[in-house]
Structures are given as C-alpha cells and as structure tokens.
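Next comes query-v7.cif, with mmCIF, N, CA and C atoms.
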data_entry
loop_
_atom_site.label_atom_id
_atom_site.label_comp_id
_atom_site.auth_asym_id
_atom_site.auth_seq_id
_atom_site.Cartn_x
_atom_site.Cartn_y
_atom_site.Cartn_z
N PRO A 6 9.24 7.93 -25.51
CA PRO A 6 9.86 7.28 -24.35
C PRO A 6 11.33 7.01 -24.60
N GLU A 7 12.04 6.84 -23.49
CA GLU A 7 13.46 6.49 -23.58
C GLU A 7 13.62 5.16 -24.28
N GLN A 8 14.73 5.00 -24.98
CA GLN A 8 15.01 3.74 -25.68
C GLN A 8 15.83 2.83 -24.78
N CYS A 9 15.63 1.54 -24.96
CA CYS A 9 16.39 0.54 -24.21
C CYS A 9 17.84 0.58 -24.69
N GLU A 10 18.77 0.48 -23.76
CA GLU A 10 20.19 0.54 -24.12
C GLU A 10 20.68 -0.74 -24.78
N CYS A 11 19.82 -1.76 -24.89
CA CYS A 11 20.23 -3.00 -25.55
C CYS A 11 20.35 -2.82 -27.06
N GLY A 12 19.80 -1.70 -27.57
CA GLY A 12 19.90 -1.42 -28.99
C GLY A 12 18.77 -1.99 -29.84
N ARG A 13 17.79 -2.61 -29.26
CA ARG A 13 16.71 -3.23 -30.03
C ARG A 13 15.65 -2.22 -30.45
N GLY A 14 15.73 -1.01 -29.98
CA GLY A 14 14.76 0.01 -30.38
C GLY A 14 13.47 -0.03 -29.59
N LEU A 15 13.45 -0.76 -28.53
CA LEU A 15 12.24 -0.84 -27.71
C LEU A 15 12.25 0.26 -26.67
N GLY A 16 11.08 0.78 -26.36
CA GLY A 16 10.96 1.80 -25.33
C GLY A 16 11.05 1.19 -23.94
N LEU A 17 11.47 2.00 -22.99
CA LEU A 17 11.54 1.56 -21.59
C LEU A 17 10.18 1.74 -20.92
N LEU A 18 9.87 0.85 -20.03
CA LEU A 18 8.66 1.02 -19.23
C LEU A 18 8.90 2.16 -18.25
N THR A 19 7.91 3.01 -18.10
CA THR A 19 8.07 4.11 -17.17
C THR A 19 7.43 3.78 -15.82
N ARG A 20 6.34 3.01 -15.86
CA ARG A 20 5.66 2.67 -14.62
C ARG A 20 4.81 1.43 -14.85
N VAL A 21 4.85 0.53 -13.91
CA VAL A 21 4.03 -0.67 -14.00
C VAL A 21 2.83 -0.47 -13.08
N GLN A 22 1.64 -0.67 -13.63
CA GLN A 22 0.43 -0.53 -12.84
C GLN A 22 -0.26 -1.88 -12.75
N GLY A 23 -0.95 -2.09 -11.67
CA GLY A 23 -1.69 -3.33 -11.52
C GLY A 23 -1.93 -3.64 -10.06
N ARG A 24 -2.32 -4.85 -9.82
CA ARG A 24 -2.62 -5.27 -8.46
C ARG A 24 -1.34 -5.56 -7.68
N THR A 25 -1.44 -5.39 -6.39
CA THR A 25 -0.35 -5.76 -5.50
C THR A 25 -0.78 -7.02 -4.76
N ALA A 26 0.03 -8.03 -4.81
CA ALA A 26 -0.24 -9.25 -4.06
C ALA A 26 0.68 -9.27 -2.85
N HIS A 27 0.10 -9.16 -1.69
CA HIS A 27 0.91 -9.17 -0.48
C HIS A 27 1.32 -10.58 -0.13
N ALA A 28 2.43 -10.70 0.55
CA ALA A 28 2.92 -11.99 1.01
C ALA A 28 3.66 -11.77 2.32
N ILE A 29 3.72 -12.82 3.12
CA ILE A 29 4.47 -12.79 4.37
C ILE A 29 5.64 -13.75 4.20
N ARG A 30 6.83 -13.27 4.52
CA ARG A 30 8.04 -14.08 4.33
C ARG A 30 8.31 -14.92 5.57
N ARG A 31 8.53 -16.20 5.33
CA ARG A 31 8.94 -17.12 6.41
C ARG A 31 10.41 -16.87 6.73
N PRO A 32 10.86 -17.24 7.91
CA PRO A 32 12.29 -17.09 8.23
C PRO A 32 13.19 -17.81 7.23
N SER A 33 12.71 -18.90 6.64
CA SER A 33 13.49 -19.66 5.65
C SER A 33 13.56 -18.96 4.31
N GLY A 34 12.76 -17.89 4.13
CA GLY A 34 12.73 -17.16 2.87
C GLY A 34 11.52 -17.50 2.02
N GLY A 35 10.82 -18.58 2.33
CA GLY A 35 9.61 -18.94 1.59
C GLY A 35 8.50 -17.93 1.83
N LEU A 36 7.52 -17.91 0.94
CA LEU A 36 6.44 -16.94 1.04
C LEU A 36 5.14 -17.60 1.46
N ILE A 37 4.39 -16.90 2.29
CA ILE A 37 3.03 -17.27 2.63
C ILE A 37 2.15 -16.33 1.83
N THR A 38 1.35 -16.87 0.93
CA THR A 38 0.49 -16.08 0.05
C THR A 38 -0.97 -16.39 0.35
N THR A 39 -1.86 -15.60 -0.24
CA THR A 39 -3.29 -15.83 -0.04
C THR A 39 -3.71 -17.25 -0.42
N PRO A 40 -3.25 -17.81 -1.56
CA PRO A 40 -3.64 -19.20 -1.86
C PRO A 40 -3.19 -20.21 -0.79
N VAL A 41 -2.07 -19.96 -0.14
CA VAL A 41 -1.63 -20.85 0.94
C VAL A 41 -2.67 -20.84 2.07
N ILE A 42 -3.12 -19.65 2.44
CA ILE A 42 -4.08 -19.53 3.54
C ILE A 42 -5.43 -20.12 3.15
N THR A 43 -5.90 -19.84 1.94
CA THR A 43 -7.20 -20.40 1.53
C THR A 43 -7.15 -21.92 1.48
N SER A 44 -6.00 -22.48 1.13
CA SER A 44 -5.90 -23.94 1.12
C SER A 44 -5.98 -24.50 2.54
N LEU A 45 -5.45 -23.77 3.52
CA LEU A 45 -5.55 -24.21 4.91
C LEU A 45 -7.00 -24.16 5.40
N ILE A 46 -7.72 -23.13 5.00
CA ILE A 46 -9.14 -23.03 5.37
C ILE A 46 -9.91 -24.20 4.76
N GLY A 47 -9.58 -24.53 3.51
CA GLY A 47 -10.22 -25.68 2.86
C GLY A 47 -9.86 -26.99 3.54
N ARG A 48 -8.59 -27.16 3.89
CA ARG A 48 -8.14 -28.39 4.54
C ARG A 48 -8.84 -28.58 5.89
N ALA A 49 -9.14 -27.48 6.57
CA ALA A 49 -9.83 -27.56 7.86
C ALA A 49 -11.35 -27.66 7.67
N GLN A 50 -11.80 -27.71 6.43
CA GLN A 50 -13.23 -27.76 6.09
C GLN A 50 -13.99 -26.62 6.76
N ALA A 51 -13.41 -25.43 6.68
CA ALA A 51 -13.99 -24.26 7.34
C ALA A 51 -14.70 -23.32 6.38
N TYR A 52 -14.72 -23.64 5.06
CA TYR A 52 -15.37 -22.74 4.10
C TYR A 52 -16.84 -22.51 4.42
N GLU A 53 -17.50 -23.49 5.01
CA GLU A 53 -18.92 -23.34 5.27
C GLU A 53 -19.21 -22.29 6.33
N TRP A 54 -18.25 -22.00 7.20
CA TRP A 54 -18.51 -21.00 8.24
C TRP A 54 -17.60 -19.79 8.20
N VAL A 55 -16.48 -19.83 7.49
CA VAL A 55 -15.61 -18.66 7.36
C VAL A 55 -16.14 -17.77 6.25
N TYR A 56 -16.49 -16.53 6.60
CA TYR A 56 -16.97 -15.57 5.60
C TYR A 56 -15.79 -14.80 5.02
N GLN A 57 -14.98 -14.19 5.88
CA GLN A 57 -13.79 -13.46 5.45
C GLN A 57 -12.68 -13.74 6.45
N PHE A 58 -11.45 -13.54 5.99
CA PHE A 58 -10.30 -13.70 6.89
C PHE A 58 -9.24 -12.67 6.53
N GLN A 59 -8.39 -12.42 7.49
CA GLN A 59 -7.22 -11.58 7.27
C GLN A 59 -6.11 -12.11 8.17
N VAL A 60 -4.90 -12.18 7.64
CA VAL A 60 -3.75 -12.63 8.41
C VAL A 60 -2.82 -11.44 8.59
N ARG A 61 -2.56 -11.09 9.83
CA ARG A 61 -1.68 -9.96 10.13
C ARG A 61 -0.38 -10.47 10.74
N GLU A 62 0.72 -10.09 10.12
CA GLU A 62 2.03 -10.41 10.69
C GLU A 62 2.31 -9.39 11.78
N GLU A 63 2.76 -9.86 12.93
CA GLU A 63 3.04 -8.99 14.06
C GLU A 63 4.47 -9.23 14.54
N PRO A 64 5.04 -8.26 15.25
CA PRO A 64 6.42 -8.43 15.74
C PRO A 64 6.56 -9.70 16.58
N GLY A 65 7.76 -10.24 16.60
CA GLY A 65 8.03 -11.42 17.39
C GLY A 65 7.60 -12.71 16.71
N ARG A 66 7.62 -12.70 15.38
CA ARG A 66 7.23 -13.88 14.59
C ARG A 66 5.86 -14.41 14.99
N ARG A 67 4.90 -13.50 14.97
CA ARG A 67 3.51 -13.85 15.29
C ARG A 67 2.64 -13.62 14.07
N LEU A 68 1.64 -14.49 13.90
CA LEU A 68 0.61 -14.31 12.89
C LEU A 68 -0.74 -14.31 13.60
N ARG A 69 -1.51 -13.25 13.36
CA ARG A 69 -2.85 -13.16 13.95
C ARG A 69 -3.86 -13.33 12.82
N PHE A 70 -4.65 -14.39 12.92
CA PHE A 70 -5.69 -14.69 11.94
C PHE A 70 -7.00 -14.10 12.44
N LEU A 71 -7.54 -13.13 11.70
CA LEU A 71 -8.85 -12.58 12.02
C LEU A 71 -9.86 -13.32 11.17
N VAL A 72 -10.92 -13.81 11.79
CA VAL A 72 -11.93 -14.58 11.07
C VAL A 72 -13.30 -13.96 11.34
N ASP A 73 -13.96 -13.55 10.26
CA ASP A 73 -15.34 -13.07 10.30
C ASP A 73 -16.17 -14.27 9.85
N ALA A 74 -16.98 -14.80 10.76
CA ALA A 74 -17.71 -16.04 10.47
C ALA A 74 -19.12 -15.76 9.95
N ARG A 75 -19.55 -16.60 9.02
CA ARG A 75 -20.95 -16.55 8.55
C ARG A 75 -21.89 -16.89 9.69
N ARG A 76 -21.44 -17.84 10.50
CA ARG A 76 -22.17 -18.28 11.68
C ARG A 76 -21.11 -18.73 12.69
N PRO A 77 -21.43 -18.69 13.97
CA PRO A 77 -20.43 -19.11 14.95
C PRO A 77 -20.03 -20.58 14.73
N PRO A 78 -18.74 -20.85 14.69
CA PRO A 78 -18.30 -22.24 14.53
C PRO A 78 -18.45 -22.99 15.86
N SER A 79 -18.55 -24.30 15.76
CA SER A 79 -18.52 -25.10 16.98
C SER A 79 -17.09 -25.06 17.53
N GLU A 80 -16.93 -25.45 18.77
CA GLU A 80 -15.60 -25.49 19.36
C GLU A 80 -14.70 -26.45 18.59
N VAL A 81 -15.26 -27.56 18.13
CA VAL A 81 -14.50 -28.55 17.36
C VAL A 81 -14.03 -27.92 16.04
N GLN A 82 -14.91 -27.18 15.35
CA GLN A 82 -14.53 -26.54 14.09
C GLN A 82 -13.44 -25.50 14.30
N ARG A 83 -13.58 -24.73 15.35
CA ARG A 83 -12.58 -23.70 15.63
C ARG A 83 -11.22 -24.33 15.96
N ARG A 84 -11.24 -25.38 16.76
CA ARG A 84 -9.98 -26.07 17.10
C ARG A 84 -9.35 -26.69 15.86
N GLU A 85 -10.16 -27.24 14.96
CA GLU A 85 -9.63 -27.86 13.75
C GLU A 85 -8.96 -26.81 12.86
N LEU A 86 -9.56 -25.63 12.74
CA LEU A 86 -8.94 -24.57 11.95
C LEU A 86 -7.60 -24.17 12.59
N THR A 87 -7.60 -23.96 13.89
CA THR A 87 -6.36 -23.58 14.58
C THR A 87 -5.30 -24.66 14.43
N ARG A 88 -5.67 -25.92 14.61
CA ARG A 88 -4.73 -27.03 14.49
C ARG A 88 -4.15 -27.11 13.08
N THR A 89 -4.99 -26.92 12.06
CA THR A 89 -4.52 -26.98 10.67
C THR A 89 -3.53 -25.87 10.39
N ILE A 90 -3.83 -24.66 10.84
CA ILE A 90 -2.93 -23.52 10.63
C ILE A 90 -1.62 -23.75 11.38
N GLU A 91 -1.71 -24.17 12.63
CA GLU A 91 -0.49 -24.38 13.42
C GLU A 91 0.38 -25.49 12.83
N SER A 92 -0.23 -26.53 12.30
CA SER A 92 0.58 -27.62 11.73
C SER A 92 1.33 -27.17 10.49
N ALA A 93 0.77 -26.21 9.75
CA ALA A 93 1.43 -25.71 8.54
C ALA A 93 2.40 -24.57 8.80
N LEU A 94 2.09 -23.71 9.76
CA LEU A 94 2.87 -22.48 9.95
C LEU A 94 3.46 -22.32 11.35
N GLY A 95 3.07 -23.17 12.27
CA GLY A 95 3.47 -23.02 13.67
C GLY A 95 4.94 -23.20 13.94
N GLN A 96 5.67 -23.86 13.04
CA GLN A 96 7.11 -24.02 13.27
C GLN A 96 7.84 -22.69 13.05
N ASP A 97 7.24 -21.78 12.29
CA ASP A 97 7.87 -20.48 12.01
C ASP A 97 7.26 -19.32 12.79
N PHE A 98 6.00 -19.45 13.19
CA PHE A 98 5.29 -18.33 13.81
C PHE A 98 4.45 -18.81 14.99
N ARG A 99 4.21 -17.89 15.92
CA ARG A 99 3.22 -18.14 16.96
C ARG A 99 1.87 -17.72 16.38
N ILE A 100 0.89 -18.59 16.45
CA ILE A 100 -0.39 -18.40 15.77
C ILE A 100 -1.48 -18.04 16.77
N THR A 101 -2.29 -17.03 16.41
CA THR A 101 -3.49 -16.68 17.16
C THR A 101 -4.64 -16.63 16.17
N VAL A 102 -5.76 -17.26 16.51
CA VAL A 102 -6.97 -17.18 15.69
C VAL A 102 -8.00 -16.42 16.50
N GLU A 103 -8.50 -15.33 15.92
CA GLU A 103 -9.41 -14.44 16.64
C GLU A 103 -10.69 -14.26 15.83
N MET A 104 -11.82 -14.53 16.45
CA MET A 104 -13.11 -14.32 15.80
C MET A 104 -13.47 -12.83 15.95
N VAL A 105 -13.87 -12.21 14.84
CA VAL A 105 -14.20 -10.78 14.86
C VAL A 105 -15.56 -10.57 14.20
N GLU A 106 -16.18 -9.44 14.51
CA GLU A 106 -17.47 -9.08 13.92
C GLU A 106 -17.32 -8.59 12.48
N ARG A 107 -16.18 -7.93 12.22
CA ARG A 107 -15.98 -7.31 10.90
C ARG A 107 -14.49 -7.12 10.69
N ILE A 108 -14.06 -7.26 9.44
CA ILE A 108 -12.68 -6.98 9.08
C ILE A 108 -12.69 -5.70 8.25
N GLU A 109 -11.98 -4.70 8.74
CA GLU A 109 -11.97 -3.40 8.06
C GLU A 109 -11.26 -3.51 6.70
N PRO A 110 -11.83 -2.89 5.67
CA PRO A 110 -11.16 -2.90 4.37
C PRO A 110 -9.94 -1.98 4.37
N ALA A 111 -9.09 -2.20 3.39
CA ALA A 111 -7.92 -1.33 3.18
C ALA A 111 -8.41 0.03 2.70
N PRO A 112 -7.54 1.05 2.67
CA PRO A 112 -7.94 2.36 2.17
C PRO A 112 -8.55 2.32 0.75
N SER A 113 -8.18 1.31 -0.03
CA SER A 113 -8.74 1.17 -1.38
C SER A 113 -10.19 0.72 -1.34
N GLY A 114 -10.66 0.28 -0.17
CA GLY A 114 -12.01 -0.24 -0.04
C GLY A 114 -12.09 -1.75 -0.20
N LYS A 115 -10.97 -2.37 -0.51
CA LYS A 115 -10.94 -3.82 -0.72
C LYS A 115 -10.39 -4.52 0.52
N LEU A 116 -10.75 -5.78 0.65
CA LEU A 116 -10.23 -6.58 1.75
C LEU A 116 -8.80 -6.99 1.45
N GLN A 117 -7.90 -6.71 2.37
CA GLN A 117 -6.51 -7.14 2.23
C GLN A 117 -6.37 -8.43 3.03
N PHE A 118 -6.14 -9.55 2.34
CA PHE A 118 -6.10 -10.85 3.00
C PHE A 118 -4.86 -11.03 3.87
N LEU A 119 -3.74 -10.49 3.42
CA LEU A 119 -2.48 -10.60 4.16
C LEU A 119 -1.95 -9.21 4.46
N VAL A 120 -1.55 -8.99 5.70
CA VAL A 120 -0.99 -7.70 6.09
C VAL A 120 0.40 -7.96 6.68
N PRO A 121 1.44 -7.87 5.84
CA PRO A 121 2.80 -8.10 6.34
C PRO A 121 3.28 -6.93 7.18
N LEU A 122 4.30 -7.18 8.00
CA LEU A 122 4.94 -6.09 8.74
C LEU A 122 5.53 -5.11 7.74
N ALA A 123 5.47 -3.84 8.07
CA ALA A 123 6.07 -2.83 7.20
C ALA A 123 7.58 -3.01 7.21
N GLY A 124 8.17 -2.78 6.04
CA GLY A 124 9.62 -2.83 5.96
C GLY A 124 10.06 -4.11 5.45
#
Take the structure I supplied and represent it as structure tokens, if you would.
Amino acid sequence: PEQCECGRGLGLLTRVQGRTAHAIRRPSGGLITTPVITSLIGRAQAYEWVYQFQVREEPGRRLRFLVDARRPPSEVQRRELTRTIESALGQDFRITVEMVERIEPAPSGKLQFLVPLAG
C-alpha cells in the first residue's frame, strides 16, 4: 500500500467498509438520527404498538413518518405520537404520520429507518 506522507511509515487506507448511518439535517445544521426518532417513540409510549417505522425526508421541509403497527393504535395513542414528534421536530419540518401495512426494505434487504433527500 501507499505510504502516508507524514513520514511515520504507516500505510494509507484504500477503502473504508462498514455500515452507513443515515441522518436528516435540520436547517440549523443539527442532525436527526435513528436514536432521536426512537427516543420520540419511547417518549410517546408507543413501543407497545409500533412494530417498525421509517422517516422519509421530502421536498419542502417535510418529514413523513411511516408506521407499521403491531396492532391498530387508539386515536389517543396516535395523536400522542404525532404531538410528541411535532413538539420535537415541527419547528423545522412539516410532519405527517402515516399508518402503513408494510415498510419496504432497502435493496440490501434491511429496514432503512431514515431516508434523507438525495444530494
């Protein structure tokens, strides 16, 4: 391998392999990560009925939360989840919470929790 130009005799990395952690950038520059979203689900006490979720960033500063439920939530539970998300992220994004039958996996076959806008 190529040697580092610092003179220490260490080889240069040619390629870094590993997991990709997606994030959505707030207008302020802060990041929305999967742990941020899971903490909101916990704060709304929705773990008992949320099976899977995916957050998709959409044009016009919109976030669409797809929720695959273990069982249908009550209207109160659904409103509490929406209220919790909006109180944390609503100042930066327009929030939509959508109940779905299934969340399609990424081409890798794994669930992608956050889907940022390309670019």
Within 7 Å of file point (-18.3, -22.3, 9.8), counting only N, CA and C atoms, expressed as a ChimeraX atom specification = /A:50-56,74-79
Using the chain letters and numbers from the file, give me the residues hit by the PyMOL selection byres (((chain A and resi 64 and name CA) around 12) and name CA), as a list in words.
->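 Expected selection for the PyMOL selection byres (((chain A and resi 64 and name CA) around 12) and name CA) here is Arg61, Glu62, Glu63, Gly65, Arg66, Arg67, Leu68, Arg69, Phe98, Arg99, Pro121, Leu122, Ala123 and Gly124 of chain A.
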Å distance separating atom CA of A:Val120 from atom CA of A:Val60, one decimal place = 6.1 Å
A:Leu116 environment, 8 Å, all atoms listed in the file, sequence neighbours closer than 6 positions dropped, as JSON, numbers by chain = {"A": [58, 59, 108, 109, 110]}
Hey, can you spit out that residue selection with N, CA and C atoms as an mmCIF file, in the frame of the given file?
data_model
loop_
_atom_site.group_PDB
_atom_site.id
_atom_site.type_symbol
_atom_site.label_atom_id
_atom_site.label_comp_id
_atom_site.auth_asym_id
_atom_site.auth_seq_id
_atom_site.Cartn_x
_atom_site.Cartn_y
_atom_site.Cartn_z
ATOM 1 N N PHE A 58 -11.450 -13.540 5.990
ATOM 2 C CA PHE A 58 -10.300 -13.700 6.890
ATOM 3 C C PHE A 58 -9.240 -12.670 6.530
ATOM 4 N N GLN A 59 -8.390 -12.420 7.490
ATOM 5 C CA GLN A 59 -7.220 -11.580 7.270
ATOM 6 C C GLN A 59 -6.110 -12.110 8.170
ATOM 7 N N ILE A 108 -14.060 -7.260 9.440
ATOM 8 C CA ILE A 108 -12.680 -6.980 9.080
ATOM 9 C C ILE A 108 -12.690 -5.700 8.250
ATOM 10 N N GLU A 109 -11.980 -4.700 8.740
ATOM 11 C CA GLU A 109 -11.970 -3.400 8.060
ATOM 12 C C GLU A 109 -11.260 -3.510 6.700
ATOM 13 N N PRO A 110 -11.830 -2.890 5.670
ATOM 14 C CA PRO A 110 -11.160 -2.900 4.370
ATOM 15 C C PRO A 110 -9.940 -1.980 4.370
#
If you measure from atom C of A:Ile46 to atom CA of A:Glu85, what distance in Å do you get, rounded to one decimal?
-> 9.7 Å
What are the DSSP strand (DSSP E or B) residues of chain A, as a ChimeraX atom specification?
-> /A:8,16,29-30,36-37,55-63,67-74,99-105,119-120
Kindly indicate which residue among A:Gln8, A:Leu36, A:Asp73, A:His27 lies nearest to A:Arg107, using all atoms listed in the file for the distances.
-> A:Asp73
